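Chemist: Structure in structure tokens, see below.
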Amino acid sequence: MGSHKDKVKFNVGGRVFETTSTTIAIAGRNSLFGAMFDENWNLLSENSSEHFIDRNPDCFAVLLDLLRTGELYIPANIPEKLLYREALYYGLIDHVRSARWSTFDGNRLRLSKSIQGQAPGDGTAIRAGPDGGVCIAHGSMVHVYDWALDEHPALNLDYQRVNDVGWVDSDNIVMGVSERHGRGDGGMGLFNSHTGELRFKFHVCHENQVKSYTAGALSFSSDYKIFSSCKGRSNEYGVGVWDQVTGKQIDFFYEPMGWSLGDADKLQWLEGSNCLLVATMFPRKDNCYISLLDFREKNMVWCWSDIGASAALAVDEKRVRDAIAMEDNNSICVVNEFEDLGFMDLRMSAATSIRWSSRSRLMKGKMPEEPCYPKLALHGGQLFSSMNDCISVFCGPEWVLTSRLRRSYGGSICDFSIGGDRLFALHSEENVFDIWETPTPPII
């Protein structure tokens, strides 16, 4: 309970609101209200009985109630995007987001909404942003949405086909594209996610000469490095490394003879071991190549390939469609066309076989006309695998199948991504993507 001295009045757009500085303190120092109070949340100015703010009073009432109760109730007469705009003004957007949905849990996800895009053709990739936004690559364009799902200006790099895209942070996006036949260019560019402005391009230097190249899969490290698989015209096959702040190339791991790095369609930086997972899989190549690269020693510290795999295995069973490293388990998880999960031990210097778990093959149903290759993701100790029109969730030390996410519209899922406490799923047969969120628990 606040004392009389604790009380404070705001006149917002002609309506007077009375509350306490204790309630206002919940907004935090980074809010607009932080500048009105001292370090002990006492008003800096006692000359006025009320503080005038020339904003929407209906939205202020909702936000004040959020500070009082921790619950967000939006009346039908207030558009959500209007409330989000006002929350941004007051510096309360994080409070709105935390009240809007709960901490991510794959077993509690609910479909929030689906968005129909305007891009022609099938999608290439979908990538969740750190703050709940998302970007989607279609052909030569990348479409960007903020956390309120308002679309920002689209991105392109010389209108060349986009192979991968990723968020450096909530303000910056990196795009990797194919080289233009006979004209060079291609490569990677860093863009402002809000305006679409190209900030700079990332170059590959080989023998002190700048080369044109095709940028493939992307990955990012916590020490501001960007990794990309690269294909050039000469010997620039491998994985390049750039400083994401300056855009300067700082390293390059050349592709060894008889192996595949430049065609890789999956990169994953492993913070614990300071190594990079590089995976090239069917149908990019007829065979699968998975390796861990240590850039400090320019050494391939672990590798596996299905070349020479047992002829007793069915062709489709031995073809790995995606891979993901699981550092906590010292293993790499792979998935095949049937959504069977396989595991390889990273503690062995070289893996010779995959331990397959075929429990997921128990799923039944008609295969779609255009099935999509499975994709894997690991988040919060839960393993996710897409297969056709659904996403499976696996939990526990034995990776037990615990739930599935499915909707009836849009066809097969060609890609999905998790970030900002949301899961985004991109469908192949329709230009549509889904947003899955964890609902807040009921107030008892």
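Labeling convention for the structure tokens: chains A, B, ... as they appear, residues from 1 per chain, ligands from 1 in order of appearance.
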Residues of range 212-232 of chain A that have any atom at most 7 Å from an atom of range 252-275 of chain A: could you tabulate them with the shortest-distance atom pair and the distance in Å to one decimal, using only C-alpha atoms, ordered by chain and increasing number, as JSON lines?
Modeler:
{"residue": "A:Gly216", "atom": "CA", "partner": "A:Asp265", "partner_atom": "CA", "distance": 6.5}
{"residue": "A:Ala217", "atom": "CA", "partner": "A:Asp265", "partner_atom": "CA", "distance": 5.1}
{"residue": "A:Leu218", "atom": "CA", "partner": "A:Leu267", "partner_atom": "CA", "distance": 6.0}
{"residue": "A:Ser219", "atom": "CA", "partner": "A:Leu267", "partner_atom": "CA", "distance": 5.6}
{"residue": "A:Phe220", "atom": "CA", "partner": "A:Trp269", "partner_atom": "CA", "distance": 6.5}
{"residue": "A:Ser221", "atom": "CA", "partner": "A:Trp269", "partner_atom": "CA", "distance": 6.1}
{"residue": "A:Ser229", "atom": "CA", "partner": "A:Gly262", "partner_atom": "CA", "distance": 4.9}
{"residue": "A:Cys230", "atom": "CA", "partner": "A:Gly262", "partner_atom": "CA", "distance": 4.7}
{"residue": "A:Lys231", "atom": "CA", "partner": "A:Gly262", "partner_atom": "CA", "distance": 5.2}
Chemist: Show me, as a ChimeraX atom specification, the residues that have an atom within 7 Å of Ala128 in chain A when counting only C-alpha atoms, minus same-chain residues fewer than 4 positions from it.
Modeler: /A:132-135,417-419,424
Chemist: With N, CA and C atoms retained, write the just-selected residues as a compact mmCIF listing (two decimals), in the first residue's frame.
Modeler:
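Dumped to again_8.txt:
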# COMPACT_ATOMS: atom_id res chain seq x y z
N GLY A 132 11.64 -11.56 -31.15
CA GLY A 132 10.32 -12.02 -31.55
C GLY A 132 9.94 -11.68 -32.97
N GLY A 133 10.82 -10.98 -33.71
CA GLY A 133 10.58 -10.72 -35.12
C GLY A 133 11.00 -11.91 -35.95
N VAL A 134 10.90 -11.76 -37.28
CA VAL A 134 11.23 -12.87 -38.16
C VAL A 134 11.59 -12.34 -39.53
N CYS A 135 12.44 -13.06 -40.26
CA CYS A 135 12.71 -12.74 -41.66
C CYS A 135 12.58 -14.01 -42.49
N SER A 417 12.03 -22.08 -37.38
CA SER A 417 13.06 -21.43 -36.59
C SER A 417 12.47 -21.00 -35.26
N ILE A 418 13.31 -21.00 -34.21
CA ILE A 418 12.88 -20.66 -32.86
C ILE A 418 13.71 -19.49 -32.35
N GLY A 419 13.05 -18.49 -31.77
CA GLY A 419 13.74 -17.34 -31.20
C GLY A 419 12.74 -16.34 -30.65
N PHE A 424 8.51 -20.15 -35.51
CA PHE A 424 7.97 -19.77 -36.81
C PHE A 424 8.12 -20.95 -37.76
Chemist: Taking only C-alpha atoms into account, which of A:Thr20, A:Ser305, A:Thr214, A:Asn107 comes nearest Leu405 in chain A?
Modeler: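 Among the listed residues, A:Asn107 lies closest to Leu405 in chain A.
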Chemist: DSSP on the backbone, then: every residue of range 135-299 of chain A marked strand (DSSP E), written as a PyMOL selection string.
Modeler: chain A and resi 135-138+141-145+151-155+162-169+172-177+187-192+198-202+204-206+209-211+213-220+225-232+238-243+249-254+266-270+275-280+289-294+299
Chemist: If we count only C-alpha atoms and set the cut-off at 7 Å, which residues sit around Ser428 in chain A, ignoring sequence neighbours fewer than 3 positions away in its own chain? Please answer as number ranges by chain.
Modeler: A: 122-123, 411-414, 431
Chemist: Please produce a file of those selected residues containing N, CA and C atoms, as a short mmCIF file (atom, residue, chain, number, x, y, z; two decimals), in the first residue's frame.
Modeler:
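Result went into out_18.cif, see below:
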data_model
loop_
_atom_site.label_atom_id
_atom_site.label_comp_id
_atom_site.auth_asym_id
_atom_site.auth_seq_id
_atom_site.Cartn_x
_atom_site.Cartn_y
_atom_site.Cartn_z
N ASP A 122 8.36 -20.41 -53.88
CA ASP A 122 8.55 -21.08 -52.60
C ASP A 122 9.55 -20.33 -51.73
N GLY A 123 9.39 -20.51 -50.42
CA GLY A 123 10.33 -19.92 -49.49
C GLY A 123 11.61 -20.73 -49.40
N GLY A 411 0.18 -26.70 -46.43
CA GLY A 411 1.00 -27.79 -46.95
C GLY A 411 2.22 -28.07 -46.09
N SER A 412 3.21 -28.72 -46.71
CA SER A 412 4.40 -29.16 -45.98
C SER A 412 5.20 -27.98 -45.44
N ILE A 413 5.91 -28.24 -44.34
CA ILE A 413 6.78 -27.24 -43.72
C ILE A 413 8.18 -27.38 -44.32
N CYS A 414 8.65 -26.35 -44.99
CA CYS A 414 9.97 -26.42 -45.61
C CYS A 414 11.07 -25.91 -44.69
N ASN A 431 2.29 -19.49 -49.79
CA ASN A 431 3.18 -18.46 -49.27
C ASN A 431 2.63 -17.99 -47.92
#
Chemist: Do a neighbour search on Ser31 in chain A at 8 Å with only C-alpha atoms, toss out local chain neighbours closer than 5 positions, and write the hits as a list in words.
Modeler: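 Surrounding residues, per the criterion: Tyr90, Gly91 and Leu92 of chain A.
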Chemist: Next, the residues of the selection above should be written as a PDB file, in the first residue's frame with all heavy atoms.
Modeler:
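The resulting again.pdb:
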ATOM      1  N   TYR A  90       6.398   4.640 -24.081  1.00  0.00           N
ATOM      2  CA  TYR A  90       6.631   4.658 -22.637  1.00  0.00           C
ATOM      3  C   TYR A  90       7.811   3.774 -22.216  1.00  0.00           C
ATOM      4  O   TYR A  90       8.199   3.792 -21.043  1.00  0.00           O
ATOM      5  CB  TYR A  90       5.374   4.198 -21.891  1.00  0.00           C
ATOM      6  CG  TYR A  90       4.214   5.156 -21.982  1.00  0.00           C
ATOM      7  CD1 TYR A  90       3.084   4.838 -22.723  1.00  0.00           C
ATOM      8  CD2 TYR A  90       4.241   6.380 -21.322  1.00  0.00           C
ATOM      9  CE1 TYR A  90       2.010   5.710 -22.811  1.00  0.00           C
ATOM     10  CE2 TYR A  90       3.177   7.266 -21.402  1.00  0.00           C
ATOM     11  CZ  TYR A  90       2.056   6.919 -22.153  1.00  0.00           C
ATOM     12  OH  TYR A  90       1.006   7.794 -22.239  1.00  0.00           O
ATOM     13  N   GLY A  91       8.359   2.998 -23.148  1.00  0.00           N
ATOM     14  CA  GLY A  91       9.434   2.087 -22.791  1.00  0.00           C
ATOM     15  C   GLY A  91       8.945   0.862 -22.050  1.00  0.00           C
ATOM     16  O   GLY A  91       9.671   0.285 -21.231  1.00  0.00           O
ATOM     17  N   LEU A  92       7.718   0.433 -22.351  1.00  0.00           N
ATOM     18  CA  LEU A  92       7.098  -0.695 -21.654  1.00  0.00           C
ATOM     19  C   LEU A  92       6.903  -1.905 -22.563  1.00  0.00           C
ATOM     20  O   LEU A  92       6.151  -2.827 -22.216  1.00  0.00           O
ATOM     21  CB  LEU A  92       5.746  -0.275 -21.066  1.00  0.00           C
ATOM     22  CG  LEU A  92       5.777   0.839 -20.014  1.00  0.00           C
ATOM     23  CD1 LEU A  92       4.361   1.212 -19.601  1.00  0.00           C
ATOM     24  CD2 LEU A  92       6.575   0.397 -18.796  1.00  0.00           C
TER      25      LEU A  92
END
Chemist: How many Å lie between CA of Leu72 in chain A and CA of Ile26 in chain A, rounded to one decimal?
Modeler: 14.5 Å
Chemist: Of the residues A:His152, A:Leu88, A:Asp340, A:Cys59, which is the one nearest to Pro75 in chain A, using only C-alpha atoms?
Modeler: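 When distances to Pro75 in chain A are compared using only C-alpha atoms, the smallest one comes from A:Cys59.
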Chemist: Write out as a list in words the residues lying within 7 Å of Asn172 in chain A, counting only C-alpha atoms and excluding same-chain residues fewer than 4 positions away.
Modeler: Trp167, Val168, Leu190, Phe191, Asn192 and Ser193 of chain A
Chemist: Given only C-alpha atoms as the basis, pick out the residue of A:Trp302, A:Gln382, A:Leu66, A:Lys285 nearest to Met348 in chain A.
Modeler: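 Nearest to Met348 in chain A: A:Trp302.
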Chemist: Give me, as number ranges by chain, all polymer residues having an atom no more than 7 Å from Arg355 in chain A, counting only C-alpha atoms and skipping those fewer than 2 positions away in the same chain.
Modeler: A: 342-344, 353, 357
Chemist: Just N, CA and C atoms for this one: save the residues we selected as a PDB file, in the first residue's frame.
Modeler:
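For reference, selection29.pdb as written:
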ATOM      1  N   GLY A 342      18.943 -40.125 -35.413  1.00  0.00           N
ATOM      2  CA  GLY A 342      20.173 -40.882 -35.229  1.00  0.00           C
ATOM      3  C   GLY A 342      21.157 -40.075 -34.407  1.00  0.00           C
ATOM      4  N   PHE A 343      22.061 -40.756 -33.693  1.00  0.00           N
ATOM      5  CA  PHE A 343      22.995 -40.078 -32.807  1.00  0.00           C
ATOM      6  C   PHE A 343      24.399 -40.614 -33.020  1.00  0.00           C
ATOM      7  N   MET A 344      25.368 -39.684 -33.007  1.00  0.00           N
ATOM      8  CA  MET A 344      26.781 -40.032 -33.120  1.00  0.00           C
ATOM      9  C   MET A 344      27.537 -39.419 -31.953  1.00  0.00           C
ATOM     10  N   SER A 353      29.493 -45.168 -37.237  1.00  0.00           N
ATOM     11  CA  SER A 353      28.108 -45.586 -37.428  1.00  0.00           C
ATOM     12  C   SER A 353      27.169 -44.653 -36.685  1.00  0.00           C
ATOM     13  N   SER A 357      17.227 -44.295 -33.966  1.00  0.00           N
ATOM     14  CA  SER A 357      16.051 -44.509 -33.128  1.00  0.00           C
ATOM     15  C   SER A 357      14.843 -44.389 -34.032  1.00  0.00           C
TER      16      SER A 357
END
Chemist: Could you pull out the helix (DSSP H, G or I) residues of range 162-397 of chain A from DSSP and send them as a list in words?
Modeler: Val315, Asp316, Glu317, Lys318, Glu327, Asp328, Asn329, Arg359, Ser360, Arg361 and Leu362 of chain A
Chemist: Grab the residues selected above and save them as a tab-separated table (two decimals), in the first residue's frame with N, CA and C atoms.
Modeler:
chain	number	residue	atom	x	y	z
A	315	VAL	N	18.80	-47.05	-49.27
A	315	VAL	CA	19.40	-45.78	-49.69
A	315	VAL	C	18.82	-44.61	-48.91
A	316	ASP	N	17.48	-44.57	-48.78
A	316	ASP	CA	16.85	-43.46	-48.10
A	316	ASP	C	17.15	-43.46	-46.61
A	317	GLU	N	17.42	-44.65	-46.05
A	317	GLU	CA	17.67	-44.71	-44.62
A	317	GLU	C	19.04	-44.16	-44.26
A	318	LYS	N	20.02	-44.34	-45.13
A	318	LYS	CA	21.35	-43.86	-44.81
A	318	LYS	C	21.57	-42.40	-45.23
A	327	GLU	N	25.96	-30.17	-27.58
A	327	GLU	CA	27.16	-30.16	-26.76
A	327	GLU	C	26.94	-30.76	-25.38
A	328	ASP	N	25.78	-30.53	-24.79
A	328	ASP	CA	25.52	-31.06	-23.45
A	328	ASP	C	25.51	-32.58	-23.43
A	329	ASN	N	25.21	-33.18	-24.58
A	329	ASN	CA	25.17	-34.64	-24.67
A	329	ASN	C	26.38	-35.23	-25.39
A	359	ARG	N	11.56	-44.88	-33.38
A	359	ARG	CA	10.24	-44.76	-32.77
A	359	ARG	C	9.35	-43.79	-33.54
A	360	SER	N	9.96	-42.81	-34.18
A	360	SER	CA	9.14	-41.82	-34.88
A	360	SER	C	8.51	-42.39	-36.15
A	361	ARG	N	9.03	-43.55	-36.64
A	361	ARG	CA	8.46	-44.11	-37.85
A	361	ARG	C	7.07	-44.70	-37.58
A	362	LEU	N	6.67	-44.75	-36.31
A	362	LEU	CA	5.34	-45.24	-35.98
A	362	LEU	C	4.26	-44.29	-36.46
